[in-house]
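File shown: model28.pdb (PDB, C-alpha atoms).
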ATOM      1  CA  MET P  17     -54.921  -3.073 -14.307
ATOM      2  CA  THR P  18     -55.042  -6.327 -12.379
ATOM      3  CA  THR P  19     -51.533  -7.206 -13.486
ATOM      4  CA  THR P  20     -50.284  -3.786 -12.418
ATOM      5  CA  ASN P  21     -51.885  -4.105  -8.979
ATOM      6  CA  GLU P  22     -50.402  -7.564  -8.496
ATOM      7  CA  THR P  23     -46.978  -6.279  -9.502
ATOM      8  CA  ILE P  24     -47.197  -3.423  -7.001
ATOM      9  CA  THR P  25     -48.446  -5.764  -4.273
ATOM     10  CA  ASN P  26     -45.640  -8.279  -4.856
ATOM     11  CA  THR P  27     -42.875  -5.668  -4.973
ATOM     12  CA  PRO P  28     -40.975  -5.554  -1.657
ATOM     13  CA  ALA P  29     -41.200  -2.270   0.224
ATOM     14  CA  GLY P  30     -38.257  -0.104  -0.754
ATOM     15  CA  GLU P  31     -37.469  -2.000  -3.968
ATOM     16  CA  GLU P  32     -38.107   1.028  -6.174
ATOM     17  CA  GLN P  33     -35.837   3.261  -4.093
ATOM     18  CA  PHE P  34     -33.204   0.511  -4.005
ATOM     19  CA  LEU P  35     -33.120   0.159  -7.789
ATOM     20  CA  LYS P  36     -33.072   3.932  -8.217
ATOM     21  CA  GLY P  37     -30.204   4.194  -5.763
ATOM     22  CA  MET P  38     -28.194   1.562  -7.611
ATOM     23  CA  ALA P  39     -28.899   3.354 -10.903
ATOM     24  CA  TYR P  40     -27.442   6.569  -9.484
ATOM     25  CA  LEU P  41     -24.512   4.655  -8.005
ATOM     26  CA  LYS P  42     -23.573   3.126 -11.352
ATOM     27  CA  GLY P  43     -24.772   5.908 -13.645
ATOM     28  CA  ILE P  44     -27.218   3.627 -15.456
ATOM     29  CA  GLY P  45     -30.058   5.626 -17.020
ATOM     30  CA  GLN P  46     -29.102   8.441 -14.652
ATOM     31  CA  THR P  47     -26.179  10.781 -14.224
ATOM     32  CA  LYS P  48     -23.876   9.080 -11.744
ATOM     33  CA  ASP P  49     -24.397  10.720  -8.354
ATOM     34  CA  GLU P  50     -23.148   8.999  -5.201
ATOM     35  CA  GLY P  51     -25.036  11.430  -2.957
ATOM     36  CA  LEU P  52     -28.389  10.651  -4.596
ATOM     37  CA  ALA P  53     -27.493   6.968  -4.606
ATOM     38  CA  ALA P  54     -26.940   7.069  -0.846
ATOM     39  CA  ALA P  55     -30.141   9.099  -0.292
ATOM     40  CA  ASN P  56     -32.304   6.568  -2.153
ATOM     41  CA  LEU P  57     -30.664   3.566  -0.531
ATOM     42  CA  LEU P  58     -31.093   5.108   2.920
ATOM     43  CA  ASP P  59     -34.775   5.740   2.148
ATOM     44  CA  ALA P  60     -35.161   2.105   1.151
ATOM     45  CA  SER P  61     -33.359   0.945   4.295
ATOM     46  CA  ASP P  62     -35.866   2.920   6.382
ATOM     47  CA  LEU P  63     -38.460   0.502   4.982
ATOM     48  CA  ASN P  64     -36.268  -2.436   6.113
ATOM     49  CA  HIS P  65     -35.493  -3.432   2.530
ATOM     50  CA  PRO P  66     -32.835  -6.124   3.245
ATOM     51  CA  THR P  67     -30.503  -5.497   0.311
ATOM     52  CA  SER P  68     -30.667  -1.746   0.928
ATOM     53  CA  LEU P  69     -29.566  -2.330   4.524
ATOM     54  CA  ALA P  70     -26.566  -4.275   3.190
ATOM     55  CA  ALA P  71     -25.936  -1.509   0.637
ATOM     56  CA  CYS P  72     -25.964   1.180   3.346
ATOM     57  CA  ALA P  73     -23.549  -0.893   5.427
ATOM     58  CA  LEU P  74     -21.162  -0.947   2.467
ATOM     59  CA  LEU P  75     -21.702   2.756   1.705
ATOM     60  CA  TYR P  76     -20.640   3.719   5.221
ATOM     61  CA  PHE P  77     -17.855   1.117   5.242
ATOM     62  CA  CYS P  78     -16.342   2.642   2.071
ATOM     63  CA  GLY P  79     -17.437   6.262   2.579
ATOM     64  CA  ILE P  80     -19.398   6.493  -0.687
ATOM     65  CA  GLY P  81     -21.979   9.290  -0.751
ATOM     66  CA  VAL P  82     -21.694   9.512   3.036
ATOM     67  CA  THR P  83     -18.968  10.174   5.588
ATOM     68  CA  ARG P  84     -17.084   6.946   6.261
ATOM     69  CA  ASN P  85     -18.132   5.472   9.590
ATOM     70  CA  THR P  86     -17.403   1.822  10.324
ATOM     71  CA  GLN P  87     -19.614   1.840  13.434
ATOM     72  CA  THR P  88     -22.638   3.002  11.436
ATOM     73  CA  ALA P  89     -21.723   0.450   8.762
ATOM     74  CA  ALA P  90     -21.762  -2.299  11.402
ATOM     75  CA  GLU P  91     -25.164  -1.142  12.668
ATOM     76  CA  PHE P  92     -26.694  -1.417   9.181
ATOM     77  CA  ALA P  93     -25.047  -4.821   8.726
ATOM     78  CA  GLN P  94     -26.520  -6.051  12.007
ATOM     79  CA  LYS P  95     -29.993  -4.854  10.962
ATOM     80  CA  TYR P  96     -29.604  -6.829   7.747
ATOM     81  CA  LEU P  97     -28.597  -9.953   9.680
ATOM     82  CA  LEU P  98     -31.672  -9.657  11.891
ATOM     83  CA  ILE P  99     -33.870  -9.830   8.782
ATOM     84  CA  GLU P 100     -31.854 -12.292   6.674
ATOM     85  CA  PRO P 101     -29.356 -14.095   8.963
ATOM     86  CA  THR P 102     -28.515 -16.593   6.201
ATOM     87  CA  GLY P 103     -29.279 -14.369   3.232
ATOM     88  CA  ARG P 104     -27.190 -13.653   0.166
ATOM     89  CA  CYS P 105     -25.368 -10.758   1.868
ATOM     90  CA  ALA P 106     -24.903 -12.508   5.237
ATOM     91  CA  ARG P 107     -21.185 -13.233   4.884
ATOM     92  CA  ILE P 108     -20.437  -9.695   3.713
ATOM     93  CA  ALA P 109     -22.520  -8.303   6.588
ATOM     94  CA  HIS P 110     -20.611 -10.396   9.138
ATOM     95  CA  GLU P 111     -17.299  -9.131   7.769
ATOM     96  CA  VAL P 112     -18.498  -5.526   7.926
ATOM     97  CA  VAL P 113     -19.389  -6.086  11.583
ATOM     98  CA  ASP P 114     -16.027  -7.632  12.517
ATOM     99  CA  GLY P 115     -14.056  -5.258  10.278
ATOM    100  CA  SER P 116     -12.374  -7.981   8.221
ATOM    101  CA  LEU P 117     -13.880  -6.964   4.871
ATOM    102  CA  GLY P 118     -11.353  -5.428   2.487
ATOM    103  CA  SER P 119     -12.216  -2.124   0.808
ATOM    104  CA  GLN P 120     -11.839  -3.494  -2.730
ATOM    105  CA  ASN P 121     -14.160  -6.418  -2.044
ATOM    106  CA  ALA P 122     -16.595  -4.062  -0.321
ATOM    107  CA  LEU P 123     -16.781  -1.992  -3.512
ATOM    108  CA  LYS P 124     -17.265  -5.100  -5.646
ATOM    109  CA  ALA P 125     -20.004  -6.346  -3.358
ATOM    110  CA  LEU P 126     -21.773  -2.966  -3.366
ATOM    111  CA  HIS P 127     -21.875  -2.805  -7.168
ATOM    112  CA  ALA P 128     -23.071  -6.423  -7.374
ATOM    113  CA  LEU P 129     -26.039  -6.056  -4.998
ATOM    114  CA  ASP P 130     -28.553  -5.530  -7.804
ATOM    115  CA  ASN P 131     -27.366  -8.681  -9.595
ATOM    116  CA  SER P 132     -28.820 -11.711  -7.871
ATOM    117  CA  ALA P 133     -26.563 -14.022  -9.895
ATOM    118  CA  THR P 134     -23.359 -12.688  -8.323
ATOM    119  CA  ASN P 135     -22.005 -14.892  -5.540
ATOM    120  CA  LEU P 136     -21.261 -12.394  -2.777
ATOM    121  CA  SER P 137     -20.052 -15.108  -0.409
ATOM    122  CA  ASN P 138     -17.014 -15.650  -2.646
ATOM    123  CA  LEU P 139     -16.059 -11.985  -2.256
ATOM    124  CA  GLY P 140     -16.057 -12.431   1.499
ATOM    125  CA  ARG P 141     -14.051 -15.640   1.322
ATOM    126  CA  ASP P 142     -11.463 -14.002  -0.936
ATOM    127  CA  THR P 143     -11.131 -11.200   1.599
ATOM    128  CA  VAL P 144     -10.371 -13.610   4.414
ATOM    129  CA  ASN P 145      -7.844 -15.544   2.331
ATOM    130  CA  ASN P 146      -6.111 -12.373   1.198
ATOM    131  CA  ALA P 147      -5.921 -11.086   4.759
ATOM    132  CA  ASP P 148      -4.392 -14.375   5.958
ATOM    133  CA  GLN P 149      -1.851 -14.349   3.136
ATOM    134  CA  ALA P 150      -0.910 -10.742   3.900
ATOM    135  CA  ARG P 151      -0.381 -11.562   7.588
ATOM    136  CA  GLN P 152       1.732 -14.606   6.735
ATOM    137  CA  ALA P 153       3.878 -12.598   4.311
ATOM    138  CA  LYS P 154       4.370  -9.845   6.885
ATOM    139  CA  ASN P 155       5.331 -12.360   9.582
ATOM    140  CA  LYS P 156       7.758 -14.092   7.210
ATOM    141  CA  GLN P 157       9.418 -10.774   6.371
ATOM    142  CA  THR P 158       9.698  -9.887  10.070
ATOM    143  CA  TYR P 159      11.322 -13.227  10.895
ATOM    144  CA  LEU P 160      13.817 -12.881   8.049
ATOM    145  CA  ILE P 161      14.844  -9.376   9.097
ATOM    146  CA  ALA P 162      15.137 -10.330  12.763
ATOM    147  CA  GLY P 163      17.084 -13.483  11.936
ATOM    148  CA  GLY P 164      19.403 -11.571   9.640
ATOM    149  CA  ALA P 165      20.125  -8.990  12.320
ATOM    150  CA  VAL P 166      21.033 -11.685  14.851
ATOM    151  CA  ILE P 167      23.251 -13.469  12.347
ATOM    152  CA  ALA P 168      24.983 -10.180  11.508
ATOM    153  CA  LEU P 169      25.838  -9.581  15.161
ATOM    154  CA  LEU P 170      27.081 -13.130  15.648
ATOM    155  CA  LEU P 171      29.235 -12.942  12.547
ATOM    156  CA  VAL P 172      30.853  -9.721  13.750
ATOM    157  CA  VAL P 173      31.835 -11.539  16.933
ATOM    158  CA  PHE P 174      33.113 -14.616  15.152
ATOM    159  CA  VAL P 175      35.112 -12.562  12.681
ATOM    160  CA  LEU P 176      36.829 -10.667  15.496
ATOM    161  CA  ILE P 177      37.267 -13.427  18.119
ATOM    162  CA  PRO P 178      39.837 -15.483  16.136
ATOM    163  CA  LYS P 179      42.130 -12.445  16.156
ATOM    164  CA  ILE P 180      41.903 -12.043  19.956
ATOM    165  CA  GLY P 181      43.529 -15.404  20.702
ATOM    166  CA  GLY P 182      42.436 -17.695  23.503
ATOM    167  CA  GLY P 183      39.700 -15.355  24.643
ATOM    168  CA  SER P 184      41.988 -13.717  27.260
ATOM    169  CA  ALA P 185      41.205 -10.256  25.924
ATOM    170  CA  SER P 186      37.458 -10.825  25.600
ATOM    171  CA  SER P 187      36.699  -8.195  28.209
ATOM    172  CA  GLU P 188      38.713  -5.493  26.493
ATOM    173  CA  ASP P 189      37.340  -2.809  24.212
ATOM    174  CA  PRO P 190      37.545  -4.052  20.575
ATOM    175  CA  GLU P 191      38.515  -0.556  19.476
ATOM    176  CA  LYS P 192      41.735  -0.902  21.542
ATOM    177  CA  LEU P 193      42.566  -4.256  19.921
ATOM    178  CA  PHE P 194      41.764  -3.403  16.289
ATOM    179  CA  THR P 195      42.123  -0.419  14.032
ATOM    180  CA  SER P 196      39.012   1.326  12.749
ATOM    181  CA  ASP P 197      39.701  -0.106   9.287
ATOM    182  CA  GLU P 198      39.804  -3.662  10.662
ATOM    183  CA  LEU P 199      36.531  -3.149  12.485
ATOM    184  CA  SER P 200      34.874  -1.703   9.356
ATOM    185  CA  VAL P 201      36.033  -4.618   7.228
ATOM    186  CA  ALA P 202      34.786  -7.138   9.805
ATOM    187  CA  LYS P 203      31.382  -5.470  10.023
ATOM    188  CA  GLN P 204      31.098  -5.278   6.226
ATOM    189  CA  LYS P 205      31.884  -8.987   5.866
ATOM    190  CA  ALA P 206      29.351  -9.833   8.554
ATOM    191  CA  LEU P 207      26.633  -7.804   6.859
ATOM    192  CA  GLU P 208      27.398  -9.384   3.487
ATOM    193  CA  ARG P 209      27.142 -12.862   4.976
ATOM    194  CA  ALA P 210      23.922 -11.935   6.757
ATOM    195  CA  GLY P 211      22.518 -10.658   3.468
ATOM    196  CA  LEU P 212      23.320 -13.958   1.784
ATOM    197  CA  TYR P 213      21.685 -15.812   4.666
ATOM    198  CA  ARG P 214      18.478 -13.762   4.367
ATOM    199  CA  THR P 215      18.355 -14.306   0.616
ATOM    200  CA  GLU P 216      18.769 -18.070   1.009
ATOM    201  CA  ALA P 217      16.172 -18.215   3.768
ATOM    202  CA  LYS P 218      13.697 -16.222   1.656
ATOM    203  CA  ASN P 219      14.246 -18.469  -1.390
ATOM    204  CA  GLN P 220      13.694 -21.573   0.721
ATOM    205  CA  SER P 221      10.495 -20.188   2.240
ATOM    206  CA  GLU P 222       9.075 -19.446  -1.229
TER     207      GLU P 222
END
Is it possible to express this structure as structure tokens?
Amino acid sequence: MTTTNETITNTPAGEEQFLKGMAYLKGIGQTKDEGLAAANLLDASDLNHPTSLAACALLYFCGIGVTRNTQTAAEFAQKYLLIEPTGRCARIAHEVVDGSLGSQNALKALHALDNSATNLSNLGRDTVNNADQARQAKNKQTYLIAGGAVIALLLVVFVLIPKIGGGSASSEDPEKLFTSDELSVAKQKALERAGLYRTEAKNQSE
């Protein structure tokens, strides 16, 4: 009996509800039930069980067993940080608060909470790196498209100007100087050249 009493005394408040919640979340020894998982984890968080606070932050961040609410998620994350500002879930909690945590990494972190060997900080770091890479790729694509559009317009001008002669007719309407077929051909050539330019620029950037 002494061993049992010591075990109960040394068990953090909310630990039993936390483990039960994770069992329901994963369907281990229980029928998988996200609603019951959330209920048990919320009960444990009411007892200020640190990992349960992090779990509830992720539940609300992902909308698992509860209605998705990033503000509520941030509140749970901040409560966790008050208790364990440098704890195992600190990086994940910070990223829930600032909204930079990706949904896939949030799910991975949630399912890893009951495994103390899993390095949750790496999940957070991967999220930041992936977000930076996505922004860089998007910016690169935007620059290529914008540059291609400018080149296309310039090429249209340079294809047509040599036929004007001396620039004396530069103020006249191109449709009065060229037939519709000539204009179409010039535009098509310009677009083809712009396409080649974008392809070369993209290959160089990679």
Atom-to-atom span, atom CA of Cys72 of chain P and atom CA of Ala53 of chain P, Å: 10.0 Å
What do you get, as a ChimeraX atom specification, if you spell out every residue that the PyMOL selection byres ((chain P and resi 79) around 12) selects here? /P:50-51,54,71-78,80-89,119,122-123,126
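From atom CA of Thr67 of chain P back to atom CA of Ser132 of chain P, the distance works out to 10.4 Å.
Atom CA of Thr27 of chain P sits 13.0 Å away from atom CA of Pro66 of chain P.
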